[in-house]
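Participant: Supplied in structure tokens, the structure appears directly below.
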Amino acid sequence: MFELEKRGVPTVSWTAERFIDDAQASALAFGLTTIPMAMMPVPATNEPADRIRQMAADSIDQVIDGLTKPVSPKVTKVAARPSEVLKFQAEDLLEAFEKMNNSFLDEGWSDGFPLVPPTSQAVERMLSGTSLGREKVICLLEPGNGMATVEKIAINAVMAGCRPEHLPVVITAVQCLSDPKTMLRNMAVSTGPHAPLIIVNGPIAKEIKINAKACALGPGSISYANTVIGRSLRLIMMNVGHCYPGILDMDTIGSPTKYSMCVAENEDDNPWEPFHVERGYDKDTSTVTVHFNYGVCDLLDIWSTTPEGLMERYSSSPINIGHVGAGLWLIGRRADPRYHVEAKDHDFILMCPDHARIFANHNWDKDKIRQTLYAQALAPFKVLFKDMKLVKAAHPELMWLKDHPDLMLPVLETPDCYEIAVVGADVGRSIFFWGANEPVTKPIEGK
Amino acid sequence: MTELVVLNPVADAKTEKFELASRLTDLNGKTIGLFWNAKSGGDVLLEQNAELLKQRYSGIKFRNYLGAEGFVMRHLTAEQAEVIARECDAVIGSTSD
């Protein structure tokens with residue numbers, strides 16, 4: 001709609017009540033003071049046709065007004081930034097700490113856990129972790145187009161509990177977010193529980209003690225670096241990208257995975273080349289990969305001694321029909337036309353070392369695992385997707401499928417949609433993530 | 001009394017500002033685009049808009065558009081926006097939510 005208004009075409013957008021603030025915040029992010037809306041009490045999704053028609057009838061006057069009458073800017077709940085420095089007075093520092101945290105909760109700047117006060121001294125210490133200047137703008141971070149300066153990233157890293165040596169990883173993770181291939185606006189504003197998984201490779205992982213082995217995804221003291229780096233990225237998405245829950249983060253339920261997810265690859269126990277080498281970097285280059293995921297699935301197999309045995313269990317995981325990526329390829333690809341990018345959806349396996357060894361000892365490489373997953377993770381067309389209107393829009397050549405509802409089809413588009421990194425400790429338990437689009441990897445700079 | 005002084009964590013937004021399009025004087029005889037992003041229910045909503053507006057305005061016409069790129073959500077592309085701008089006087093959009 002914004003693109004049409006820019007071109008001089010008046011528009012009205014139907015908007016459910018819960019999404020009004022979100023639409024208003026999106027208008028601001030796209031450079032408009034407001035966007036004309038017709039309001040419906042609930043989304044049209046999951047509503048019977050009669051109810052949808054009634055909602056249209058109830059608000060059709062708003063459509064007419066929006067197209068024919070001047071539109072006034074609306075008040076928005078988007079977080080304001082009153083001043084660069086905030087002061088909290090109290091009887092003692094602990095009380096001042098509580099006041100600061102309560103204030104940040106009221107403003108919507110908190111992830112819900114207590115925040116470390118970003119004093120100028122703490123931020124100075126944090127900035128010592130990078131050679132980049134504090135005013136350097138890393139990116140404009142969507143969805144709110146916040147200016148992600150090194151300083152703002154450092155402030156949020158302090159709040160998350162990061163140490164200076166963590167900052168280069170955090171900055172690189174922000175660079176990954178801002179890569180158009182990440183499609184951050186879609187990941188951030190969606191009604192789905194998109195959670196960024198951070199994977200660190202190369203020497204820096206050990207240097208700054210990012211856990212790659214037991215309990216790498218936390219919680220616990222041994223995963224301290226993992227926890228705070230992951231947490232900082234969420235705070236940055238909120239306070240720099242303005243992706244606040246209920247305003248530009250329209251997740252229906254949310255997810256614990258959105259608080260923090262960061263691991264290092266267990267390169268010591270990886271029988272294959274490291275994940276970042278697979279993606280074109282030298283082994284000695286430190287990298288950060290960010291991949292948005294929806295959900296976590298335990299992948300237990302303590303019985304198999306052969307790849308074929310393991311694959312029986314592994315192949316069951318992608319077949320979660322409720323997951324948005326299942327059969328998605330039938331109706332198109334995730335896309336962001338603003339940047340001319342599109343992507344297949346990828347799932348991500350964090351494979352425990354003993355499973356990886358079984359594969360490697362039988363001369364299976366990752367490609368063979370991917371090919372086998374692709375061939376074995378199948379579901380009938382009729383349960384993968386039923387809306388032929390959308391199949392026709394994306395793949396008119398596949399319309400013959402409507403006469404073959406029981407035909408078994410791959411859940412993901414191609415074998416390379418399965419990503420694999422070796423993480424964790426032995427004893428036969430891997431993790432499967434139902435993922436969104438493609439992972440993005442970048443080298444760490446500014447150490 | 002003691003004072004805790006902290007730095008504000010919120011970044012300023014940087015966006016290119018622009019104005020809304022001029023509104024129409026009335027809808028009689030106009031061509032209205034109905035833009036659907038493919039999310040379930042939005043097509044029904046837009047069809048009903050057309051039915052309701054036809055009852056009120058003479059000579060009003062409608063053209064349907066489905067987002068050119070995407071999947072569960074299909075997006076308007078710049079090329080598609082150009083086409084719609086040429087073909088329509090105004091647009092009603094639905095993302096279903």
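Labels for the structure tokens follow display order: chains A, B, ..., residues from 1 in each chain, ligands from 1.
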Which residues, written as an NGL selection string, have at least one atom at most 10 Å from Leu53 (chain B), with only C-alpha atoms counted and residues fewer than 6 positions away on the same chain left out?

Facilitator: (:A and (57 or 60-61 or 63-64)) or (:B and (27-28 or 32 or 60-62))

Participant: Residues at most 8 Å from Ala68 (chain B), counting only C-alpha atoms, excluding those fewer than 6 positions away in the same chain, as a PyMOL selection string?

Facilitator: chain B and resi 74-77+80

Participant: How would the residues just chosen look if you wrote them out with C-alpha atoms as a CSV table (one decimal), in the first residue's frame?

Facilitator:
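Output file selection.csv is given in full below:
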```
chain,number,residue,atom,x,y,z
B,74,ARG,CA,2.5,-12.5,-1.5
B,75,HIS,CA,4.0,-9.1,-1.9
B,76,LEU,CA,3.4,-6.2,-4.2
B,77,THR,CA,6.5,-5.6,-6.4
B,80,GLN,CA,3.2,-4.5,-10.1
```

Participant: Quick check, in Å to one decimal: how far apart do CA of Ile236 (chain A) and CA of Ser110 (chain A) lie?

Facilitator: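 Going from CA of Ile236 (chain A) over to CA of Ser110 (chain A) covers 10.4 Å.
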
Participant: If we count only C-alpha atoms, what is near region 41-54 of chain A at a cut-off of 10 Å, once residues fewer than 5 positions away on the same chain are taken out, given as a ChimeraX atom specification?

Facilitator: /A:14-19,59-60 /B:39-49,51-52,94-97

Participant: Within region 257-304 of chain A, find each residue whose DSSP state, derived from the backbone, is strand (DSSP E or B), and express the selection as a PyMOL selection string.

Facilitator: chain A and resi 262-264+287-300

Participant: Go ahead and save the residues from that selection, with C-alpha atoms, as an mmCIF file, in the first residue's frame.

Facilitator:
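Result file follows (again.cif):
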```cif
data_model
loop_
_atom_site.group_PDB
_atom_site.id
_atom_site.type_symbol
_atom_site.label_atom_id
_atom_site.label_comp_id
_atom_site.auth_asym_id
_atom_site.auth_seq_id
_atom_site.Cartn_x
_atom_site.Cartn_y
_atom_site.Cartn_z
ATOM 1 C CA CYS A 262 23.458 -18.911 20.401
ATOM 2 C CA VAL A 263 25.900 -21.798 20.029
ATOM 3 C CA ALA A 264 29.355 -22.429 18.671
ATOM 4 C CA THR A 287 32.181 -16.171 11.464
ATOM 5 C CA VAL A 288 28.668 -15.625 12.689
ATOM 6 C CA THR A 289 25.669 -17.290 11.083
ATOM 7 C CA VAL A 290 22.103 -16.232 11.790
ATOM 8 C CA HIS A 291 19.151 -18.393 10.828
ATOM 9 C CA PHE A 292 15.577 -17.708 11.890
ATOM 10 C CA ASN A 293 13.760 -20.735 13.218
ATOM 11 C CA TYR A 294 10.273 -21.505 14.432
ATOM 12 C CA GLY A 295 10.530 -24.452 16.766
ATOM 13 C CA VAL A 296 12.784 -27.028 18.345
ATOM 14 C CA CYS A 297 12.344 -30.775 18.109
ATOM 15 C CA ASP A 298 14.271 -33.384 20.081
ATOM 16 C CA LEU A 299 15.923 -35.924 17.809
ATOM 17 C CA LEU A 300 16.637 -38.929 20.019
#
```

Participant: Would you pick out the contacts of Leu34 (chain B) at 8 Å or less, using only C-alpha atoms, so that residues sharing its chain but fewer than 2 positions from it are not included, and give the list as a VMD selection string?

Facilitator: chain B and resid 32 36 46 62 to 65 91 to 93

Participant: Hey, which of B:Ala81, B:Ala13, B:Glu3, B:Asn8 ends up closest to Glu142 (chain A)? Count only C-alpha atoms.

Facilitator: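 Of the candidates, the smallest distance to Glu142 (chain A) is held by B:Ala13.
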
Participant: For the atom pair CA of Thr182 (chain A) and CA of Thr33 (chain A), what is the interatomic distance in Å to one decimal place?

Facilitator: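 According to the coordinates, CA of Thr182 (chain A) and CA of Thr33 (chain A) are separated by 27.0 Å.
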
Participant: List the neighbours of region 319-336 of chain A out to 6 Å using only C-alpha atoms; skip same-chain residues closer than 4 positions along the sequence, and give me the result as an NGL selection string.

Facilitator: (:A and (341-345 or 384 or 390-391 or 394 or 411 or 413)) or (:B and (70-71))

Participant: As an exercise, work out the distance from CA of Val72 (chain B) to CA of Asn37 (chain B) in Å and give it to one decimal place.

Facilitator: 8.0 Å
